[in-house]
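J.: Please read through the structure below; I'll follow up with questions.
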Amino acid sequence: MEEARVSVIDRLVDSGLEQKEARVLVTLAASEPLKASEIGRQVGITRMDAYNTLRRLQDRGLVMATVDKPMRFTSLPISEVFQNFIFEEEAELRRLKAHLSELEQGVGLNQALMDLPLDEPTFTVVKERTYIQAAMERLIQDSESHVWLLLGRWGIMHLVKTGALATVNEASQRGVSVRVLATLDERTLKFYHELDDSIEVRHCDSFSLQGCIVDDEVAVQTLSLGSNPVGRGRDEAALVIEAPEFVSAQAELVAASWGNAASFAAARTRLEEGQIVEPLKVTLGGGSFYQRLKELVASNYQDQHPAGAGWTNAILRRGDEVLSPEPTLPTFEALGIDTSEVFRSVGRRIGEEIAIELQDVTDDDEFWADLSQQWHELGMGELVVDGDPPTSIRVVDSGSCGSAPKLGGPFCHLDEGILEGIIQTRFGVTASAVERDCTSTGDNHCHFDITFTQLDV
């Protein structure tokens with residue numbers, strides 16, 4: 001019952017009432033006529049505050065006073081309150097349309113206003129979410145070539161709620177290229193299906209902008225966002241920018257983010273099924289790949305890697321003794337491909353997916369217990385975790401090197417990457433230092449530590 005009451009109050013506030021006005025209305029609608037003092041006690045405001053609030057509600061026709069002495073108050077049923085809001089909005093809309101019609105007919109139009117220069121850059125601040133969405137809708141209606149929609153995490157809900165989504169679809173259907181860059185959330189996925197099929201949507205985890213860019217000439221850029229995505233957004237503000245050079249530069253930045261963003265299908269699969277299906281991006285090293293290939297083919301292998309050079313992907317040791325591993329994947333090394341980073345990248349990807357699969361395990365101790373069990377069952381060693389959140393992870397008797405530490409360097413990097421991916425996804429780690437210690441070339445496998453040095457906050 002209390003939840004229903006709070007829900008009605010929130011909807012009344014979203015419709016334009018102050019919090020105490022909404023509480024007074026809900027209280028009156030659920031009771032017999034009350035005196036101002038009784039209303040004040042039930043709502044938690046002073047008697048004078050109750051009188052002032054009741055007067056404002058009377059002025060709007062939402063509250064009526066009885067002829068009793070002392071005076072008592074009652075209200076319209078809540079359904080009629082919302083109907084009254086609709087009548088007010090429709091009357092306001094008719095008034096605005098009348099003004100527009102008069103302007104289009106030249107009634108009272110000042111010629112000096114018509115002669116204002118239009119090529120000067122302009123920057124206009126718009127406040128409150130409803131008016132921001134209305135500005136976006138007007139610009140999209142006038143779009144001729146292309147539209148960038150920047151929706152952040154909750155922007156699609158605002159489009160649906162204000163009805164601006166229909167304008168976006170109409171623009172796409174008449175041939176305007178509409179692209180949506182957003183931070184998708186499983187709670188908002190359903191709204192994206194209301195977009196026209198011709199509209200491409202991409203996901204970027206770190207993208208927070210909200211607004212739009214139209215024809216690279218005009219843009220709406222949100223300056224401040226309210227904390228309640230379903231509220232009225234009274235404190236929100238946006239900048240309407242009509243400066244082609246500035247807007248064009250902003251569009252280039254958005255296009256760069258677009259190129260690195262994930263497709264809607266890939267992001268949806270990650271959110272709904274916990275699977276990462278985007279292509280893995282791996283850096284193959286710097287310098288001229290062609291030149292390195294040419295040198296490799298033309299030169300003698302011994303010239304490229306003289307005996308005793310000691311090059312490797314991993315620093316392996318037994319106690320204080322540094323082991324000299326056999327060359328690993330020499331062709332890749334000669335081409336400038338950092339195989340350690342390749343294996344670490346693959347490992348991070350595996351780790352991210354493991355963390356997503358276990359995201360429903362909210363207790364960290366339970367999470368590490370489950371992971372340690374899986375790690376042990378796969379023959380990958382014993383996990384020893386220090387700190388909460390972890391500051392260090394040790395893998396004891398790791399099976400990465402297959403009983404041969406000299407040949408196992410790349411696979412150690414794979415394990416390291418898996419652990420990094422798990423921690424980064426679950427705890428927001430952005431940097432790590434790795435130390436590896438190989439204890440034997442026999443049955444006792446390597447063990448290594450991963451120390452996480454920076455956490456996102």
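Chain labels follow the order of the structure tokens: the first chain is A, the next B, and so on; residue numbering restarts at 1 in every chain, and ligands are counted from 1 in their shown order.
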If you run DSSP on the backbone here, which positions in stretch 36-237 of chain A get helix (DSSP H, G or I)? Please write them as a count of residues only.

T.: 87

J.: Any idea what's packed within 10 Å of A:Ile39, counting only C-alpha atoms, ignoring anything in its chain fewer than 2 positions away? Could you give it as a list in words?

T.: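 Close residues of A:Ile39: Arg23, Val24, Leu25, Thr27, Leu28, Pro33, Leu34, Lys35, Ala36, Ser37, Arg41, Gln42, Val43, Gly44, Ile45, Thr46, Arg47, Ala50, Tyr51, Leu54, Arg72 and Phe73 of chain A.
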
J.: Have a look at A:Ala91, A:Val201, A:Met136, A:Ile354 and name the one nearest to A:Arg270; count only C-alpha atoms.

T.: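 With only C-alpha atoms as the atom set, the closest residue is A:Ile354.
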
J.: Write down as number ranges by chain the residues belonging to stretch 66-146 of chain A that are assigned strand (DSSP E or B) by DSSP computed on the backbone.

T.: A: 73-75, 122-127, 146

J.: Since we have the selection now, will you write its residues out, keeping N, CA and C atoms, as a compact mmCIF listing (two decimals), in the first residue's frame?

T.:
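Output saved as selection-v2.txt:
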# COMPACT_ATOMS: atom_id res chain seq x y z
N PHE A 73 -11.07 20.46 4.02
CA PHE A 73 -10.64 20.41 2.62
C PHE A 73 -10.77 18.98 2.08
N THR A 74 -11.09 18.91 0.80
CA THR A 74 -11.12 17.63 0.09
C THR A 74 -10.52 17.84 -1.28
N SER A 75 -10.21 16.76 -2.00
CA SER A 75 -9.55 16.90 -3.31
C SER A 75 -10.28 16.10 -4.37
N THR A 122 25.77 30.95 -32.36
CA THR A 122 24.94 31.20 -31.20
C THR A 122 25.01 30.03 -30.23
N PHE A 123 24.93 30.34 -28.95
CA PHE A 123 24.96 29.34 -27.89
C PHE A 123 23.83 29.67 -26.93
N THR A 124 22.87 28.76 -26.80
CA THR A 124 21.70 29.02 -25.98
C THR A 124 21.55 27.93 -24.93
N VAL A 125 21.33 28.33 -23.67
CA VAL A 125 21.14 27.37 -22.59
C VAL A 125 19.65 27.06 -22.46
N VAL A 126 19.31 25.77 -22.43
CA VAL A 126 17.94 25.31 -22.23
C VAL A 126 17.90 24.51 -20.94
N LYS A 127 16.92 24.80 -20.09
CA LYS A 127 16.81 24.12 -18.80
C LYS A 127 15.57 23.25 -18.75
N HIS A 146 21.93 14.02 -41.99
CA HIS A 146 22.29 12.99 -41.01
C HIS A 146 22.15 13.52 -39.60

J.: Determine, counting only C-alpha atoms, which protein, DNA and RNA residues have an atom within 7 Å of an atom of A:Ile213; residues of the same chain fewer than 3 positions away are not included. Present the result as a ChimeraX atom specification.

T.: /A:147-149,216,218-220,251
